[in-house]
>>> print(open('structure-v1.csv').read())   # CSV, C-alpha atoms and all ligand atoms
chain,number,residue,atom,x,y,z
A,67,MET,CA,0.0,0.0,0.0
A,68,VAL,CA,2.9,2.3,0.9
A,69,ILE,CA,4.5,1.7,-2.4
A,70,VAL,CA,1.3,2.3,-4.4
A,71,MET,CA,0.6,5.5,-2.4
A,72,SER,CA,4.1,6.9,-2.8
A,73,SER,CA,4.1,6.3,-6.6
A,74,VAL,CA,0.6,7.9,-6.9
A,75,ILE,CA,1.7,11.0,-5.0
A,76,PHE,CA,5.0,11.2,-6.9
A,77,SER,CA,3.4,10.9,-10.3
A,78,ALA,CA,0.8,13.5,-9.5
A,79,LYS,CA,3.1,16.0,-7.9
A,80,ALA,CA,6.4,15.4,-9.6
A,81,SER,CA,7.0,19.0,-10.5
A,82,ASN,CA,6.2,20.3,-7.0
A,83,THR,CA,9.2,19.9,-4.7
A,84,THR,CA,7.2,20.9,-1.5
A,85,ALA,CA,4.6,18.3,-2.2
A,86,ALA,CA,7.2,15.7,-3.1
A,87,SER,CA,9.0,16.4,0.3
A,88,LEU,CA,5.7,16.0,2.0
A,89,ALA,CA,5.1,12.7,0.2
A,90,ILE,CA,8.5,11.4,1.3
A,91,LEU,CA,7.7,12.3,4.9
A,92,ILE,CA,4.3,10.5,4.8
A,93,VAL,CA,5.9,7.4,3.2
A,94,THR,CA,8.7,7.4,5.8
A,95,VAL,CA,6.3,7.8,8.7
A,96,LEU,CA,4.0,5.0,7.4
A,97,GLN,CA,7.0,2.7,6.8
A,98,ALA,CA,8.2,3.4,10.4
A,99,LEU,CA,4.8,2.5,11.8
A,100,GLY,CA,4.9,-0.8,10.0
A,101,PRO,CA,2.3,-2.7,7.9
A,102,GLY,CA,-0.5,-2.0,10.3
A,103,ALA,CA,-0.5,1.7,9.4
A,104,GLY,CA,-3.1,3.0,7.0
A,105,TRP,CA,-5.2,-0.1,5.9
A,106,THR,CA,-4.0,-3.6,5.4
A,107,GLN,CA,-4.2,-5.0,1.9
A,108,GLU,CA,-3.5,-8.6,1.2
A,109,PRO,CA,-0.9,-9.1,-1.5
A,110,VAL,CA,-2.2,-10.2,-4.9
A,111,GLN,CA,-1.1,-13.8,-5.7
A,112,PRO,CA,1.9,-14.0,-8.0
A,113,ARG,CA,1.3,-15.5,-11.5
A,114,ILE,CA,-2.5,-15.2,-11.2
A,115,ASP,CA,-2.6,-14.8,-15.0
A,116,GLU,CA,-1.5,-18.5,-15.3
A,117,GLU,CA,-4.6,-19.5,-13.3
A,118,PHE,CA,-6.8,-17.4,-15.6
A,119,ALA,CA,-5.3,-19.1,-18.6
A,120,LYS,CA,-6.0,-22.5,-17.0
A,121,GLN,CA,-9.6,-21.4,-16.3
A,122,GLU,CA,-10.1,-20.5,-20.0
A,123,LYS,CA,-9.2,-24.1,-20.9
A,124,ILE,CA,-11.8,-25.4,-18.4
A,125,TYR,CA,-14.5,-23.4,-20.1
A,126,ARG,CA,-13.5,-24.9,-23.5
A,127,ARG,CA,-13.2,-28.5,-22.3
A,128,ARG,CA,-15.7,-31.0,-23.7
A,129,GLY,CA,-16.7,-34.5,-22.7
A,130,GLY,CA,-15.5,-36.4,-19.7
A,131,GLY,CA,-13.7,-34.2,-17.1
A,132,SER,CA,-15.6,-31.1,-18.1
A,133,TYR,CA,-18.0,-29.4,-15.7
A,134,THR,CA,-21.8,-30.0,-15.5
A,135,THR,CA,-23.6,-27.9,-18.1
A,136,ASN,CA,-27.0,-29.7,-18.4
A,137,ARG,CA,-28.9,-29.1,-15.2
A,138,GLY,CA,-32.6,-28.9,-16.0
A,139,LEU,CA,-35.4,-26.9,-14.4
A,140,SER,CA,-36.0,-29.5,-11.6
A,141,ASP,CA,-32.3,-29.1,-10.6
A,142,TYR,CA,-32.7,-25.3,-10.6
A,143,ALA,CA,-35.8,-25.7,-8.4
A,144,GLU,CA,-33.6,-27.8,-6.0
A,145,VAL,CA,-30.6,-25.5,-5.8
A,146,LEU,CA,-32.2,-22.1,-6.0
A,147,PRO,CA,-33.9,-20.3,-3.1
A,148,THR,CA,-37.5,-21.0,-2.1
A,149,GLY,CA,-40.0,-19.2,-4.3
A,150,PHE,CA,-38.1,-19.4,-7.6
A,151,CYS,CA,-40.6,-21.6,-9.3
A,152,ASP,CA,-43.6,-19.6,-8.1
A,153,ALA,CA,-41.9,-16.4,-9.3
A,154,LEU,CA,-41.2,-18.0,-12.7
A,155,GLY,CA,-44.8,-19.1,-12.9
A,156,ARG,CA,-46.1,-15.6,-12.3
A,157,LEU,CA,-44.2,-14.1,-15.2
A,158,GLY,CA,-46.3,-13.0,-18.2
A,159,SER,CA,-45.6,-13.5,-21.8
A,160,SER,CA,-43.9,-10.1,-22.3
A,161,ASP,CA,-41.7,-10.5,-19.1
A,162,ARG,CA,-38.1,-11.7,-19.4
A,163,TRP,CA,-35.9,-14.3,-17.7
A,164,LEU,CA,-32.1,-14.2,-18.0
A,165,ASP,CA,-30.1,-17.3,-17.1
A,166,ILE,CA,-26.4,-16.4,-16.7
A,167,GLY,CA,-24.0,-19.2,-17.2
A,168,ALA,CA,-26.7,-21.4,-18.7
A,169,GLY,CA,-24.5,-24.1,-20.1
A,170,GLU,CA,-26.7,-26.1,-22.6
A,171,GLY,CA,-29.7,-24.0,-21.6
A,172,GLN,CA,-31.6,-27.2,-20.4
A,173,ALA,CA,-33.5,-25.3,-17.7
A,174,ILE,CA,-35.0,-22.9,-20.3
A,175,LEU,CA,-35.8,-25.8,-22.7
A,176,ASP,CA,-37.6,-27.6,-19.8
A,177,TYR,CA,-39.6,-24.5,-19.1
A,178,TYR,CA,-40.8,-24.3,-22.6
A,179,THR,CA,-41.3,-28.0,-23.0
A,180,GLN,CA,-43.9,-27.9,-20.3
A,181,GLN,CA,-46.3,-26.4,-22.8
A,182,GLY,CA,-46.5,-29.7,-24.7
A,183,ASP,CA,-46.2,-31.7,-21.5
A,184,ALA,CA,-43.5,-33.9,-23.2
A,185,ALA,CA,-41.0,-33.8,-20.4
A,186,PRO,CA,-42.4,-31.7,-17.6
A,187,ALA,CA,-39.9,-30.5,-15.0
A,188,GLU,CA,-41.6,-32.2,-12.1
A,189,LYS,CA,-40.3,-29.9,-9.4
A,190,CYS,CA,-41.0,-26.7,-11.2
A,191,ARG,CA,-44.2,-26.9,-13.0
A,192,THR,CA,-45.5,-23.6,-14.3
A,193,SER,CA,-48.7,-23.2,-16.1
A,194,GLY,CA,-49.9,-20.3,-18.1
A,195,PRO,CA,-48.0,-18.0,-20.4
A,196,LYS,CA,-44.2,-18.3,-20.8
A,197,ALA,CA,-41.8,-15.4,-20.4
A,198,ARG,CA,-39.2,-14.6,-23.0
A,199,ALA,CA,-35.9,-16.3,-21.9
A,200,VAL,CA,-32.3,-15.5,-22.6
A,201,ALA,CA,-29.4,-17.9,-21.9
A,202,ILE,CA,-25.9,-16.7,-21.8
A,203,SER,CA,-22.7,-18.7,-21.6
A,204,ILE,CA,-19.0,-18.0,-22.3
A,205,GLU,CA,-18.7,-21.0,-24.6
A,206,ASP,CA,-21.4,-22.1,-27.0
A,207,ARG,CA,-23.0,-25.3,-25.6
A,208,ARG,CA,-26.1,-25.3,-27.6
A,209,THR,CA,-27.4,-28.8,-28.3
A,210,ASP,CA,-29.4,-30.0,-31.3
A,211,LYS,CA,-32.4,-29.9,-29.0
A,212,TRP,CA,-31.8,-26.2,-28.4
A,213,LYS,CA,-31.3,-25.5,-32.1
A,214,GLN,CA,-34.6,-27.3,-33.0
A,215,GLN,CA,-36.6,-25.7,-30.2
A,216,GLY,CA,-35.1,-22.3,-30.9
A,217,ALA,CA,-36.0,-22.5,-34.6
A,218,SER,CA,-39.6,-23.5,-33.8
A,219,LEU,CA,-40.2,-20.9,-31.0
A,220,GLY,CA,-38.2,-18.1,-32.6
A,221,ASP,CA,-35.6,-15.7,-31.2
A,222,ASP,CA,-38.3,-13.6,-29.6
A,223,ARG,CA,-39.1,-16.4,-27.1
A,224,ILE,CA,-35.8,-18.1,-26.4
A,225,GLN,CA,-32.3,-16.7,-27.2
A,226,TYR,CA,-28.8,-18.1,-26.7
A,227,LEU,CA,-25.9,-15.7,-26.5
A,228,SER,CA,-22.3,-16.8,-26.2
A,229,GLY,CA,-18.7,-15.8,-27.0
A,230,LYS,CA,-18.3,-13.3,-24.2
A,231,ARG,CA,-18.8,-12.7,-20.5
A,232,LEU,CA,-21.7,-11.0,-18.8
A,233,ARG,CA,-19.8,-7.8,-18.2
A,234,GLN,CA,-19.0,-7.4,-22.0
A,235,TYR,CA,-22.7,-6.9,-23.0
A,236,SER,CA,-24.0,-3.4,-23.3
A,237,PRO,CA,-27.3,-2.5,-21.5
A,238,ASP,CA,-29.0,-2.3,-24.9
A,239,GLU,CA,-27.8,-5.7,-26.0
A,240,LEU,CA,-29.5,-7.5,-23.1
A,241,GLY,CA,-32.3,-5.2,-22.0
A,242,LYS,CA,-34.0,-5.6,-18.6
A,243,PHE,CA,-35.3,-8.7,-16.8
A,244,GLN,CA,-37.9,-9.6,-14.1
A,245,ILE,CA,-36.0,-12.7,-13.1
A,246,ILE,CA,-32.3,-13.5,-13.4
A,247,THR,CA,-30.8,-16.8,-12.4
A,248,ASP,CA,-27.3,-18.1,-12.0
A,249,VAL,CA,-26.7,-21.7,-11.2
A,250,TYR,CA,-23.0,-22.4,-10.7
A,251,GLY,CA,-22.4,-19.8,-13.4
A,252,GLY,CA,-20.8,-16.4,-13.4
A,253,PHE,CA,-21.3,-15.7,-9.7
A,254,THR,CA,-19.4,-18.8,-8.8
A,255,TYR,CA,-16.7,-18.3,-11.5
A,256,THR,CA,-16.1,-14.5,-11.7
A,257,GLU,CA,-12.8,-13.0,-10.7
A,258,ASN,CA,-14.6,-9.7,-9.8
A,259,LEU,CA,-17.5,-10.4,-7.5
A,260,SER,CA,-18.7,-6.8,-6.9
A,261,ARG,CA,-18.5,-5.8,-10.6
A,262,PHE,CA,-20.4,-9.0,-11.6
A,263,LEU,CA,-23.2,-8.3,-9.1
A,264,GLU,CA,-23.4,-4.6,-10.1
A,265,LYS,CA,-23.9,-5.7,-13.7
A,266,VAL,CA,-26.6,-8.2,-12.7
A,267,LEU,CA,-28.5,-5.6,-10.7
A,268,SER,CA,-28.3,-3.1,-13.5
A,269,LEU,CA,-30.1,-5.6,-15.7
A,270,LEU,CA,-32.9,-6.2,-13.2
A,271,GLU,CA,-36.1,-4.3,-13.3
A,272,ILE,CA,-37.1,-2.7,-9.9
A,273,GLY,CA,-39.2,-5.3,-8.2
A,274,GLY,CA,-37.3,-8.1,-10.0
A,275,ALA,CA,-35.1,-10.7,-8.3
A,276,PHE,CA,-31.8,-12.4,-8.8
A,277,TYR,CA,-31.7,-16.1,-7.7
A,278,THR,CA,-28.4,-17.7,-7.3
A,279,VAL,CA,-26.3,-20.2,-5.3
A,280,LEU,CA,-22.7,-20.2,-4.0
A,281,PRO,CA,-21.0,-23.5,-3.1
A,282,ALA,CA,-18.3,-24.0,-0.3
A,283,VAL,CA,-18.8,-20.7,1.5
A,284,HIS,CA,-19.1,-19.6,5.1
A,285,LEU,CA,-22.8,-19.8,5.8
A,286,GLU,CA,-24.7,-16.9,7.3
A,287,ASP,CA,-26.1,-19.0,10.1
A,288,GLY,CA,-22.7,-20.6,10.8
A,289,THR,CA,-23.9,-24.2,10.3
A,290,ASP,CA,-21.0,-25.2,8.0
A,291,LYS,CA,-19.1,-28.3,9.1
A,292,LEU,CA,-15.5,-28.3,10.2
A,293,GLY,CA,-13.0,-29.4,7.6
A,294,THR,CA,-14.6,-27.6,4.7
A,295,TRP,CA,-12.4,-26.5,1.8
A,296,TYR,CA,-13.9,-23.1,1.1
A,297,LYS,CA,-14.1,-22.1,-2.6
A,298,THR,CA,-15.1,-18.5,-2.1
A,299,GLU,CA,-13.7,-16.5,0.8
A,300,LEU,CA,-14.1,-12.9,1.6
A,301,VAL,CA,-12.2,-10.7,4.1
A,302,ASP,CA,-12.6,-7.1,5.1
A,303,ALA,CA,-10.0,-4.3,4.6
A,304,ALA,CA,-8.3,-5.4,7.9
A,305,SER,CA,-8.3,-9.1,6.6
A,306,ARG,CA,-11.0,-10.3,9.0
A,307,PRO,CA,-13.3,-13.0,7.6
A,308,VAL,CA,-16.6,-11.7,6.2
A,309,LYS,CA,-19.6,-13.9,5.2
A,310,VAL,CA,-20.8,-13.5,1.7
A,311,CYS,CA,-24.3,-12.6,3.0
A,312,SER,CA,-23.0,-9.9,5.3
A,313,TRP,CA,-21.2,-8.4,2.4
A,314,LEU,CA,-24.4,-8.6,0.2
A,315,ARG,CA,-26.4,-6.9,2.9
A,316,GLN,CA,-24.3,-3.8,2.5
A,317,THR,CA,-25.6,-3.3,-1.0
A,318,THR,CA,-28.1,-0.4,-1.3
A,319,CYS,CA,-31.5,-0.7,-2.8
A,320,THR,CA,-31.7,-4.5,-2.3
A,321,LYS,CA,-33.4,-7.0,0.0
A,322,ILE,CA,-31.2,-10.0,0.6
A,323,SER,CA,-32.5,-13.5,1.6
A,324,CYS,CA,-30.0,-16.3,2.4
A,325,GLU,CA,-30.9,-19.9,3.0
A,326,SER,CA,-28.9,-23.2,3.2
A,327,LYS,CA,-29.7,-26.9,3.2
A,328,THR,CA,-28.9,-28.7,6.3
A,329,ASP,CA,-28.5,-32.1,4.6
A,330,TRP,CA,-25.9,-30.9,2.0
A,331,ASP,CA,-22.3,-31.9,2.6
A,332,GLU,CA,-20.9,-28.8,1.1
A,333,PRO,CA,-21.9,-25.6,2.8
A,334,THR,CA,-23.9,-23.9,0.1
A,335,GLN,CA,-25.6,-20.5,0.3
A,336,LEU,CA,-28.9,-20.1,-1.6
A,337,ILE,CA,-29.3,-16.4,-2.3
A,338,LYS,CA,-32.2,-14.3,-3.5
A,339,ILE,CA,-31.6,-10.6,-4.1
A,340,ASP,CA,-34.6,-8.4,-4.7
A,341,LYS,CA,-34.0,-5.0,-6.3
A,342,VAL,CA,-36.2,-2.5,-4.5
A,343,CYS,CA,-35.0,0.8,-5.9
A,344,SER,CA,-32.6,2.1,-8.6
A,345,ASP,CA,-29.8,3.6,-6.6
A,346,VAL,CA,-27.8,0.3,-6.3
A,347,ALA,CA,-24.3,0.4,-4.9
A,348,VAL,CA,-22.3,-2.8,-4.3
A,349,PRO,CA,-19.4,-2.6,-1.8
A,350,ARG,CA,-16.3,-3.2,-3.9
A,351,THR,CA,-14.2,-6.4,-3.6
A,352,ASN,CA,-10.7,-6.9,-4.9
A,353,LEU,CA,-9.4,-10.3,-6.0
A,354,VAL,CA,-6.4,-11.5,-3.9
A,355,GLU,CA,-6.2,-15.2,-4.8
A,356,TYR,CA,-7.6,-17.3,-7.6
A,357,MET,CA,-7.0,-21.0,-8.4
A,358,ALA,CA,-8.5,-22.4,-11.5
A,359,GLY,CA,-11.1,-25.2,-11.2
A,360,ALA,CA,-14.7,-26.2,-11.6
A,361,PRO,CA,-15.5,-24.1,-9.7
A,362,PRO,CA,-12.3,-22.0,-9.0
A,363,SER,CA,-11.1,-21.1,-5.5
A,364,ARG,CA,-11.3,-17.4,-4.9
A,365,ARG,CA,-10.3,-15.0,-2.2
A,366,PHE,CA,-11.6,-11.5,-2.2
A,367,GLN,CA,-10.9,-8.5,0.0
A,368,MET,CA,-13.3,-5.7,0.6
A,369,ALA,CA,-12.1,-2.3,-0.3
A,370,PRO,CA,-11.7,0.1,2.7
A,401,LIG,C1,-20.8,-25.2,-14.5
A,401,LIG,S1,-21.6,-24.5,-15.9
A,401,LIG,C2,-23.2,-24.4,-15.3
A,401,LIG,C3,-24.3,-24.5,-16.4
A,401,LIG,C4,-25.7,-24.5,-16.0
A,401,LIG,N1,-26.1,-23.4,-15.2
A,401,LIG,C5,-26.0,-25.8,-15.2
A,401,LIG,O1,-26.2,-25.7,-14.0
A,401,LIG,O2,-26.0,-26.9,-15.9
A,401,LIG,C6,-21.0,-22.8,-15.9
A,401,LIG,C7,-21.5,-21.9,-16.9
A,401,LIG,O3,-21.2,-20.5,-16.5
A,401,LIG,C8,-20.7,-19.8,-17.6
A,401,LIG,N2,-20.1,-18.6,-17.1
A,401,LIG,C9,-19.1,-18.5,-16.2
A,401,LIG,N3,-18.7,-17.3,-16.0
A,401,LIG,C10,-19.5,-16.5,-16.8
A,401,LIG,C11,-19.7,-15.1,-17.1
A,401,LIG,N4,-18.9,-14.2,-16.4
A,401,LIG,N5,-20.6,-14.7,-18.0
A,401,LIG,C12,-21.3,-15.6,-18.6
A,401,LIG,N6,-21.3,-16.9,-18.4
A,401,LIG,C13,-20.4,-17.4,-17.5
A,401,LIG,C14,-19.9,-20.8,-18.4
A,401,LIG,O4,-19.6,-20.4,-19.7
A,401,LIG,C15,-20.9,-22.0,-18.3
A,401,LIG,O5,-21.9,-21.9,-19.3
>>> encode(input="structure-v1.csv", output="structure tokens")
Amino acid sequence: MVIVMSSVIFSAKASNTTAASLAILIVTVLQALGPGAGWTQEPVQPRIDEEFAKQEKIYRRRGGGSYTTNRGLSDYAEVLPTGFCDALGRLGSSDRWLDIGAGEGQAILDYYTQQGDAAPAEKCRTSGPKARAVAISIEDRRTDKWKQQGASLGDDRIQYLSGKRLRQYSPDELGKFQIITDVYGGFTYTENLSRFLEKVLSLLEIGGAFYTVLPAVHLEDGTDKLGTWYKTELVDAASRPVKVCSWLRQTTCTKISCESKTDWDEPTQLIKIDKVCSDVAVPRTNLVEYMAGAPPSRRFQMAP
């Protein structure tokens, strides 16, 4: 922190000798006080770019050894917070549902298949009109089934977008949604948690909700078992552990609900975020560690 601060001061005030002397004085005093002076920032892991490169390969991997990309609507009903299916069932035909990190888009296919009753998603039966649904995935995992159903329903009802990450879409490209889901997708994989959430909330209509799930985290109610290998960890500016739900609760214009399943081995937080007004501000997180995987292991530090 001292090094960053001194270089910032020096670059801004290089021509001003009085300011430069002052900067040297501040740096010297902070160094003398030791690392506890100012705020503590965890060092960023060396060679983090190598982990990002490995992660890219995981996204592109196919067949055995790749990650799960075909969860259906029943699976979504199981892993997402209570009320997801009811909320989906209440959508009208001009409403919109975005599934971030949709993989093959099986959940959306199941939702639309219910109309013909061919393969109803038992645990998430919705009757009535179907909302327009958009699936996004970094890599194109569309199956023949998706291509057939997409062709018969038309782009206006189901759409599959791939080739980039959520943050790379402009607001106009995606539009706004009443429901956004993310099942072991971007929220579990992103290297920038706060920017990801900010983007999600910017795409939600006021009154809309984001349903997601985060595996291997410190649970809000503290019921996680000893010996867990945590995959997403968060610390505050002074490096004290922070639970994901406590961090989320500091986001303005949202209502946060956190649940967990007592019978699951891995402590998993089921999260619903309601957007209640437009002035959303997400407390910033910085990445300090990242290890590629399915899902990756990540450690974030909240900005002071
Ligand atoms: C493990 S798969 C999950 C697929 C599906 N939700 C399921 O449960 O079967 C992860 C998905 O998240 C996508 N993904 C990860 N990070 C993303 C991001 N930042 N933006 C968009 N998609 C992302 C991947 O491309 C992939 O489609």
>>> residues_near_ligand(input="structure-v1.csv", ligand="ligand LIG 401 (chain A)", cutoff="8 Å", atoms="only C-alpha atoms and all ligand atoms", output="compact mmCIF listing (two decimals) with C-alpha atoms, keeping the file's coordinate frame")
# COMPACT_ATOMS: atom_id res chain seq x y z
CA TYR A 125 -14.50 -23.40 -20.10
CA TYR A 133 -18.00 -29.40 -15.70
CA THR A 134 -21.80 -30.00 -15.50
CA THR A 135 -23.60 -27.90 -18.10
CA ASN A 136 -27.00 -29.70 -18.40
CA ARG A 137 -28.90 -29.10 -15.20
CA GLY A 138 -32.60 -28.90 -16.00
CA ASP A 141 -32.30 -29.10 -10.60
CA TYR A 142 -32.70 -25.30 -10.60
CA ASP A 165 -30.10 -17.30 -17.10
CA ILE A 166 -26.40 -16.40 -16.70
CA GLY A 167 -24.00 -19.20 -17.20
CA ALA A 168 -26.70 -21.40 -18.70
CA GLY A 169 -24.50 -24.10 -20.10
CA GLU A 170 -26.70 -26.10 -22.60
CA GLY A 171 -29.70 -24.00 -21.60
CA GLN A 172 -31.60 -27.20 -20.40
CA ALA A 173 -33.50 -25.30 -17.70
CA ILE A 202 -25.90 -16.70 -21.80
CA SER A 203 -22.70 -18.70 -21.60
CA ILE A 204 -19.00 -18.00 -22.30
CA GLU A 205 -18.70 -21.00 -24.60
CA ASP A 206 -21.40 -22.10 -27.00
CA ARG A 207 -23.00 -25.30 -25.60
CA SER A 228 -22.30 -16.80 -26.20
CA LYS A 230 -18.30 -13.30 -24.20
CA ARG A 231 -18.80 -12.70 -20.50
CA LEU A 232 -21.70 -11.00 -18.80
CA ARG A 233 -19.80 -7.80 -18.20
CA ASP A 248 -27.30 -18.10 -12.00
CA VAL A 249 -26.70 -21.70 -11.20
CA TYR A 250 -23.00 -22.40 -10.70
CA GLY A 251 -22.40 -19.80 -13.40
CA GLY A 252 -20.80 -16.40 -13.40
CA PHE A 253 -21.30 -15.70 -9.70
CA THR A 254 -19.40 -18.80 -8.80
CA TYR A 255 -16.70 -18.30 -11.50
CA THR A 256 -16.10 -14.50 -11.70
CA PHE A 262 -20.40 -9.00 -11.60
CA ALA A 360 -14.70 -26.20 -11.60
CA PRO A 361 -15.50 -24.10 -9.70
>>> residues_around(input="structure-v1.csv", residues="Ile245 in chain A", least_positions_apart="6", cutoff="12 Å", atoms="only C-alpha atoms", output="JSON, numbers by chain")
{"A": [149, 150, 151, 152, 153, 154, 155, 156, 157, 158, 161, 162, 163, 164, 165, 166, 197, 198, 199, 200, 266, 267, 269, 270, 271, 272, 273, 274, 275, 276, 277, 278, 338, 339, 340, 341]}
>>> closest_atom_pairs(input="structure-v1.csv", of="range 226-293 of chain A", to="range 297-321 of chain A", cutoff="7 Å", atoms="all atoms listed in the file", output="Markdown table")
| residue | atom | partner | partner_atom | distance |
| --- | --- | --- | --- | --- |
| A:Ala282 | CA | A:Lys297 | CA | 5.2 |
| A:Val283 | CA | A:Thr298 | CA | 5.6 |
| A:His284 | CA | A:Lys309 | CA | 5.7 |
| A:Leu285 | CA | A:Lys309 | CA | 6.7 |
| A:Glu286 | CA | A:Cys311 | CA | 6.1 |
>>> atom_distance(input="structure-v1.csv", atom1="CA of Arg128 in chain A", atom2="CA of Ile174 in chain A")
21.2 Å
>>> residues_around(input="structure-v1.csv", residues="Ile124 in chain A", least_positions_apart="2", cutoff="8 Å", atoms="all atoms listed in the file", output="PDB file with C-alpha atoms, keeping the file's coordinate frame")
ATOM      1  CA  LYS A 120      -6.000 -22.500 -17.000  1.00  0.00           C
ATOM      2  CA  GLN A 121      -9.600 -21.400 -16.300  1.00  0.00           C
ATOM      3  CA  GLU A 122     -10.100 -20.500 -20.000  1.00  0.00           C
ATOM      4  CA  ARG A 126     -13.500 -24.900 -23.500  1.00  0.00           C
ATOM      5  CA  ARG A 127     -13.200 -28.500 -22.300  1.00  0.00           C
ATOM      6  CA  SER A 132     -15.600 -31.100 -18.100  1.00  0.00           C
ATOM      7  CA  TYR A 133     -18.000 -29.400 -15.700  1.00  0.00           C
ATOM      8  CA  GLY A 359     -11.100 -25.200 -11.200  1.00  0.00           C
ATOM      9  CA  ALA A 360     -14.700 -26.200 -11.600  1.00  0.00           C
TER      10      ALA A 360
END
>>> atom_distance(input="structure-v1.csv", atom1="CA of Asp345 in chain A", atom2="CA of Asp287 in chain A")
28.3 Å
>>> residues_around(input="structure-v1.csv", residues="Glu257 in chain A", least_positions_apart="4", cutoff="10 Å", atoms="all atoms listed in the file", output="list of chain:residue names")
A:Phe118, A:Gly252, A:Phe253, A:Arg261, A:Phe262, A:Thr351, A:Asn352, A:Leu353, A:Val354, A:Glu355, A:Tyr356, A:Pro362, A:Ser363, A:Arg364, A:Arg365, A:Phe366
>>> closest_residue(input="structure-v1.csv", among="A:Lys291, A:Lys327, A:Arg223, A:Arg113", to="Tyr178 in chain A", atoms="only C-alpha atoms")
A:Arg223
>>> closest_residue(input="structure-v1.csv", among="A:Gly216, A:Met357, A:Ser326, A:Ser268", to="Val342 in chain A", atoms="all atoms listed in the file")
A:Ser268
>>> closest_residue(input="structure-v1.csv", among="A:Lys265, A:Lys189, A:Lys196, A:Lys123", to="Leu219 in chain A", atoms="all atoms listed in the file")
A:Lys196
>>> decode(input="structure-v1.csv", residues="range 220-236 of chain A", atoms="C-alpha atoms", output="PDB file, in the first residue's frame")
ATOM      1  CA  GLY A 220     -38.198 -18.060 -32.601  1.00  0.00           C
ATOM      2  CA  ASP A 221     -35.597 -15.677 -31.227  1.00  0.00           C
ATOM      3  CA  ASP A 222     -38.253 -13.595 -29.584  1.00  0.00           C
ATOM      4  CA  ARG A 223     -39.093 -16.403 -27.113  1.00  0.00           C
ATOM      5  CA  ILE A 224     -35.755 -18.111 -26.438  1.00  0.00           C
ATOM      6  CA  GLN A 225     -32.346 -16.735 -27.240  1.00  0.00           C
ATOM      7  CA  TYR A 226     -28.828 -18.119 -26.671  1.00  0.00           C
ATOM      8  CA  LEU A 227     -25.885 -15.715 -26.468  1.00  0.00           C
ATOM      9  CA  SER A 228     -22.272 -16.825 -26.176  1.00  0.00           C
ATOM     10  CA  GLY A 229     -18.724 -15.784 -26.964  1.00  0.00           C
ATOM     11  CA  LYS A 230     -18.340 -13.259 -24.176  1.00  0.00           C
ATOM     12  CA  ARG A 231     -18.815 -12.703 -20.484  1.00  0.00           C
ATOM     13  CA  LEU A 232     -21.744 -10.973 -18.833  1.00  0.00           C
ATOM     14  CA  ARG A 233     -19.765  -7.762 -18.235  1.00  0.00           C
ATOM     15  CA  GLN A 234     -19.044  -7.411 -21.970  1.00  0.00           C
ATOM     16  CA  TYR A 235     -22.690  -6.922 -22.954  1.00  0.00           C
ATOM     17  CA  SER A 236     -23.985  -3.385 -23.255  1.00  0.00           C
TER      18      SER A 236
END
